[in-house]
Amino acid sequence: MAAATLWLTRMSAADKIGQMTQLDISMVLADGCPLRIDDAKLRRQLRVHRLGSLLNSPFSGTDPRCGSSGWNASEWRATVEHVQAAAADEGLPPLIYGIDSVHGASYCRGATLLPQQLGLAASFDESLAAASGWLTGKDSRAAATPWMFAPILGVATHPLWPRVYETFGEDPLLVARMGAAVVEGMQRRGGEGEIPARAAACMKHFVGYSAPRNGHDREGAWLSRRELEQTYLPPFQAAVDAGVQSAMESYQEVNGEPVVGSAALLQGLLRERLGFEGLLV
C-alpha cells in the first residue's frame, strides 16, 4: 500500500488516466519471425498512452506462428521483463499482464492443461476446483502473467449459447460454490518455503452475459429483477465474499442498456450492493 501511495504522488493526471488503457500485445509486436516485442512500438505506446496493462497471447486464435504453438514460461518471462523494463524507463509503474487462463495456463506451452469449467463442475468437488485454481495460478505466475481472466461465473441458461462449456453449468448454487473455490485457489497465500503461486483472479462476465436473447454470443439479455437476483447474481456475490481481486463486465447490453455504461449495474449493484472493491476491467 505504501508503494502504491508513493506512485500516486509521483504520477501526473495523464499517467493516472493511462492506467485505464489496456492494449493487446499484437500492437507492440515486431513484424516477421521470431515473434518478439518491437521496442520502438512499445515505447511509443508507453509515451503516448501511459499504459496500465497488456493482454492476450500472440498465438491466440491462430494456427502455429513462426513454427511454434506458443511461448513457454521462460519466453513469456523474457517478454514481460522487456515490457516492465521499458515501463520503468518511461517513469511508469509495472504494467499488469492479463490473459485467459480459464482451464489452466493454456497459453503457456508446457503448462498443465485442466478440464474446461463444465467438466470441472461435473466433479461436484470444491477441493478439486480450489486445486485447479492453485495450479493455474502457479503456472500463470511462472510465466509472469499473474492476472487471470477467470473464473467464468455466468449461469448457463441458454442451450444455444456457444460458450456453455466454459461455465460451471446451469445451477446457481453449484456455479457459486465452484467459482468461489477457484478464486480461493488462485489467490491462496503460500506458506514459508512453498512455491509462490498466488495470482489475481478475475470474475466474469458481470452480468447476464450467459443469457443472450437469441443464443448468439454477445447478444443482449432481457432479465427480470427476480431472474437477476435469484439466478445470475449469487455466483458473483460468492466470488466477492471469497475476496476476488478483479472483475470483468460483460460486453453486451442488459435490458437495453450497455453494461459498460451502466451506473446501476456497475456502481449500484456491483460496488455498493455486492461490496466489490477490486479492479474492474
# chains A, B, ... in the order shown; residues from 1 in each chain; ligands from 1

$ select_by_dssp --residues "stretch 39-135 of chain A" --states "strand (DSSP E or B)" --output "NGL selection string"
:A and (53-55 or 65 or 68 or 71-72 or 96-99 or 108-109)

$ write_last_selection --atoms "N, CA, C and O atoms" --output "PDB file, in the first residue's frame"
ATOM      1  N   SER A  53      -1.860  -1.716 -18.682  1.00  0.00           N
ATOM      2  CA  SER A  53      -1.840  -3.177 -18.782  1.00  0.00           C
ATOM      3  C   SER A  53      -1.791  -3.639 -20.231  1.00  0.00           C
ATOM      4  O   SER A  53      -2.137  -2.898 -21.157  1.00  0.00           O
ATOM      5  N   LEU A  54      -1.355  -4.870 -20.397  1.00  0.00           N
ATOM      6  CA  LEU A  54      -1.384  -5.580 -21.668  1.00  0.00           C
ATOM      7  C   LEU A  54      -2.179  -6.863 -21.484  1.00  0.00           C
ATOM      8  O   LEU A  54      -2.336  -7.360 -20.364  1.00  0.00           O
ATOM      9  N   LEU A  55      -2.658  -7.407 -22.587  1.00  0.00           N
ATOM     10  CA  LEU A  55      -3.380  -8.672 -22.514  1.00  0.00           C
ATOM     11  C   LEU A  55      -3.129  -9.518 -23.746  1.00  0.00           C
ATOM     12  O   LEU A  55      -2.612  -9.032 -24.749  1.00  0.00           O
ATOM     13  N   ARG A  65       2.379 -20.052 -35.197  1.00  0.00           N
ATOM     14  CA  ARG A  65       3.053 -18.929 -35.843  1.00  0.00           C
ATOM     15  C   ARG A  65       4.563 -19.067 -35.662  1.00  0.00           C
ATOM     16  O   ARG A  65       5.040 -19.428 -34.598  1.00  0.00           O
ATOM     17  N   SER A  68       5.865 -22.224 -34.076  1.00  0.00           N
ATOM     18  CA  SER A  68       5.614 -22.524 -32.667  1.00  0.00           C
ATOM     19  C   SER A  68       4.126 -22.414 -32.373  1.00  0.00           C
ATOM     20  O   SER A  68       3.409 -21.633 -32.998  1.00  0.00           O
ATOM     21  N   TRP A  71       4.504 -19.553 -26.521  1.00  0.00           N
ATOM     22  CA  TRP A  71       5.698 -19.313 -25.724  1.00  0.00           C
ATOM     23  C   TRP A  71       5.692 -20.200 -24.488  1.00  0.00           C
ATOM     24  O   TRP A  71       4.630 -20.428 -23.883  1.00  0.00           O
ATOM     25  N   ASN A  72       6.852 -20.700 -24.101  1.00  0.00           N
ATOM     26  CA  ASN A  72       6.939 -21.410 -22.827  1.00  0.00           C
ATOM     27  C   ASN A  72       7.122 -20.383 -21.708  1.00  0.00           C
ATOM     28  O   ASN A  72       7.192 -19.170 -21.940  1.00  0.00           O
ATOM     29  N   ILE A  96       0.328  -4.425 -15.605  1.00  0.00           N
ATOM     30  CA  ILE A  96      -0.320  -5.685 -15.259  1.00  0.00           C
ATOM     31  C   ILE A  96      -0.544  -6.456 -16.555  1.00  0.00           C
ATOM     32  O   ILE A  96      -1.015  -5.886 -17.544  1.00  0.00           O
ATOM     33  N   TYR A  97      -0.193  -7.738 -16.559  1.00  0.00           N
ATOM     34  CA  TYR A  97      -0.408  -8.545 -17.757  1.00  0.00           C
ATOM     35  C   TYR A  97      -1.547  -9.535 -17.501  1.00  0.00           C
ATOM     36  O   TYR A  97      -1.473 -10.362 -16.597  1.00  0.00           O
ATOM     37  N   GLY A  98      -2.614  -9.419 -18.297  1.00  0.00           N
ATOM     38  CA  GLY A  98      -3.770 -10.284 -18.136  1.00  0.00           C
ATOM     39  C   GLY A  98      -3.923 -11.252 -19.290  1.00  0.00           C
ATOM     40  O   GLY A  98      -3.613 -10.920 -20.438  1.00  0.00           O
ATOM     41  N   ILE A  99      -4.413 -12.457 -18.975  1.00  0.00           N
ATOM     42  CA  ILE A  99      -4.564 -13.475 -20.015  1.00  0.00           C
ATOM     43  C   ILE A  99      -5.658 -14.466 -19.614  1.00  0.00           C
ATOM     44  O   ILE A  99      -5.951 -14.655 -18.430  1.00  0.00           O
ATOM     45  N   CYS A 108       0.428 -20.923 -22.142  1.00  0.00           N
ATOM     46  CA  CYS A 108       1.840 -21.125 -21.822  1.00  0.00           C
ATOM     47  C   CYS A 108       2.226 -22.555 -22.207  1.00  0.00           C
ATOM     48  O   CYS A 108       1.740 -23.521 -21.603  1.00  0.00           O
ATOM     49  N   ARG A 109       3.040 -22.683 -23.230  1.00  0.00           N
ATOM     50  CA  ARG A 109       3.436 -24.010 -23.706  1.00  0.00           C
ATOM     51  C   ARG A 109       4.180 -24.770 -22.603  1.00  0.00           C
ATOM     52  O   ARG A 109       5.113 -24.264 -21.993  1.00  0.00           O
TER      53      ARG A 109
END

$ select_by_dssp --residues "stretch 70-123 of chain A" --states "alpha helix (DSSP H)" --output "number ranges by chain"
A: 73-89, 117-121

$ closest_atom_pairs --of "stretch 90-159 of chain A" --to "stretch 208-229 of chain A" --cutoff "8 Å" --atoms "only C-alpha atoms" --output "Markdown table"
| residue | atom | partner | partner_atom | distance |
| --- | --- | --- | --- | --- |
| A:Gly154 | CA | A:Ser210 | CA | 5.2 |
| A:Val155 | CA | A:Ser210 | CA | 6.1 |
| A:Ala156 | CA | A:Ser210 | CA | 5.7 |
| A:Thr157 | CA | A:Ala211 | CA | 6.1 |
| A:His158 | CA | A:Ala211 | CA | 5.9 |
| A:Pro159 | CA | A:Gly215 | CA | 7.3 |

$ write_last_selection --atoms "N, CA and C atoms" --output "mmCIF file, in the first residue's frame"
data_model
loop_
_atom_site.group_PDB
_atom_site.id
_atom_site.type_symbol
_atom_site.label_atom_id
_atom_site.label_comp_id
_atom_site.auth_asym_id
_atom_site.auth_seq_id
_atom_site.Cartn_x
_atom_site.Cartn_y
_atom_site.Cartn_z
ATOM 1 N N GLY A 154 -20.893 -16.987 -15.327
ATOM 2 C CA GLY A 154 -22.212 -16.982 -15.942
ATOM 3 C C GLY A 154 -22.925 -18.303 -15.689
ATOM 4 N N VAL A 155 -24.219 -18.225 -15.436
ATOM 5 C CA VAL A 155 -25.042 -19.428 -15.266
ATOM 6 C C VAL A 155 -25.624 -19.780 -16.629
ATOM 7 N N ALA A 156 -25.355 -20.990 -17.100
ATOM 8 C CA ALA A 156 -25.703 -21.389 -18.469
ATOM 9 C C ALA A 156 -27.185 -21.704 -18.570
ATOM 10 N N THR A 157 -27.964 -20.734 -19.009
ATOM 11 C CA THR A 157 -29.418 -20.917 -19.096
ATOM 12 C C THR A 157 -29.928 -20.979 -20.527
ATOM 13 N N HIS A 158 -29.067 -20.718 -21.502
ATOM 14 C CA HIS A 158 -29.499 -20.770 -22.907
ATOM 15 C C HIS A 158 -28.684 -21.844 -23.624
ATOM 16 N N PRO A 159 -29.329 -22.945 -24.027
ATOM 17 C CA PRO A 159 -28.580 -24.062 -24.618
ATOM 18 C C PRO A 159 -27.918 -23.740 -25.950
#

$ closest_residue --among "A:Ser262, A:Gln116, A:Gln187, A:Asn56" --to "A:Arg141" --atoms "only C-alpha atoms"
A:Gln187

$ closest_residue --among "A:Leu173, A:Leu270, A:Ala263, A:Leu8" --to "A:Met248" --atoms "only C-alpha atoms"
A:Leu270

$ residues_around --residues "A:Glu166" --least-positions-apart "5" --cutoff "9 Å" --atoms "only C-alpha atoms" --output "list in words"
Val102, His103, Gln116, Gln117, Leu118, Gly119, Ile152 and Gly154 of chain A

$ write_last_selection --atoms "N, CA and C atoms" --output "compact mmCIF listing (two decimals), in the first residue's frame"
# COMPACT_ATOMS: atom_id res chain seq x y z
N VAL A 102 -8.24 -19.92 -18.26
CA VAL A 102 -9.54 -20.41 -17.78
C VAL A 102 -9.48 -21.87 -17.37
N HIS A 103 -8.73 -22.69 -18.09
CA HIS A 103 -8.62 -24.11 -17.72
C HIS A 103 -7.14 -24.48 -17.68
N GLN A 116 -12.15 -28.02 -18.99
CA GLN A 116 -12.97 -26.82 -19.08
C GLN A 116 -13.87 -26.77 -17.84
N GLN A 117 -14.39 -25.59 -17.54
CA GLN A 117 -15.15 -25.44 -16.30
C GLN A 117 -16.34 -26.38 -16.20
N LEU A 118 -17.00 -26.68 -17.32
CA LEU A 118 -18.15 -27.58 -17.26
C LEU A 118 -17.72 -28.97 -16.82
N GLY A 119 -16.55 -29.42 -17.31
CA GLY A 119 -16.03 -30.70 -16.88
C GLY A 119 -15.65 -30.70 -15.42
N ILE A 152 -15.13 -17.96 -15.01
CA ILE A 152 -16.35 -17.52 -15.67
C ILE A 152 -17.53 -17.90 -14.78
N GLY A 154 -20.89 -16.99 -15.33
CA GLY A 154 -22.21 -16.98 -15.94
C GLY A 154 -22.93 -18.30 -15.69

$ closest_residue --among "A:Ala121, A:Met186, A:Leu160, A:Ala150" --to "A:Pro172" --atoms "only C-alpha atoms"
A:Ala121

$ closest_residue --among "A:Arg189, A:Arg36, A:Arg271, A:His205" --to "A:Thr79" --atoms "only C-alpha atoms"
A:Arg36

$ residues_around --residues "A:Phe124" --least-positions-apart "6" --cutoff "10 Å" --atoms "only C-alpha atoms" --output "list in words"
Phe168, Leu174, Val175, Arg177 and Met178 of chain A

$ write_last_selection --atoms "C-alpha atoms" --output "CSV table (one decimal), in the first residue's frame"
chain,number,residue,atom,x,y,z
A,168,PHE,CA,-19.9,-24.3,-14.3
A,174,LEU,CA,-23.0,-25.1,-8.0
A,175,VAL,CA,-21.6,-22.2,-10.0
A,177,ARG,CA,-19.5,-22.8,-4.9
A,178,MET,CA,-17.1,-23.9,-7.6
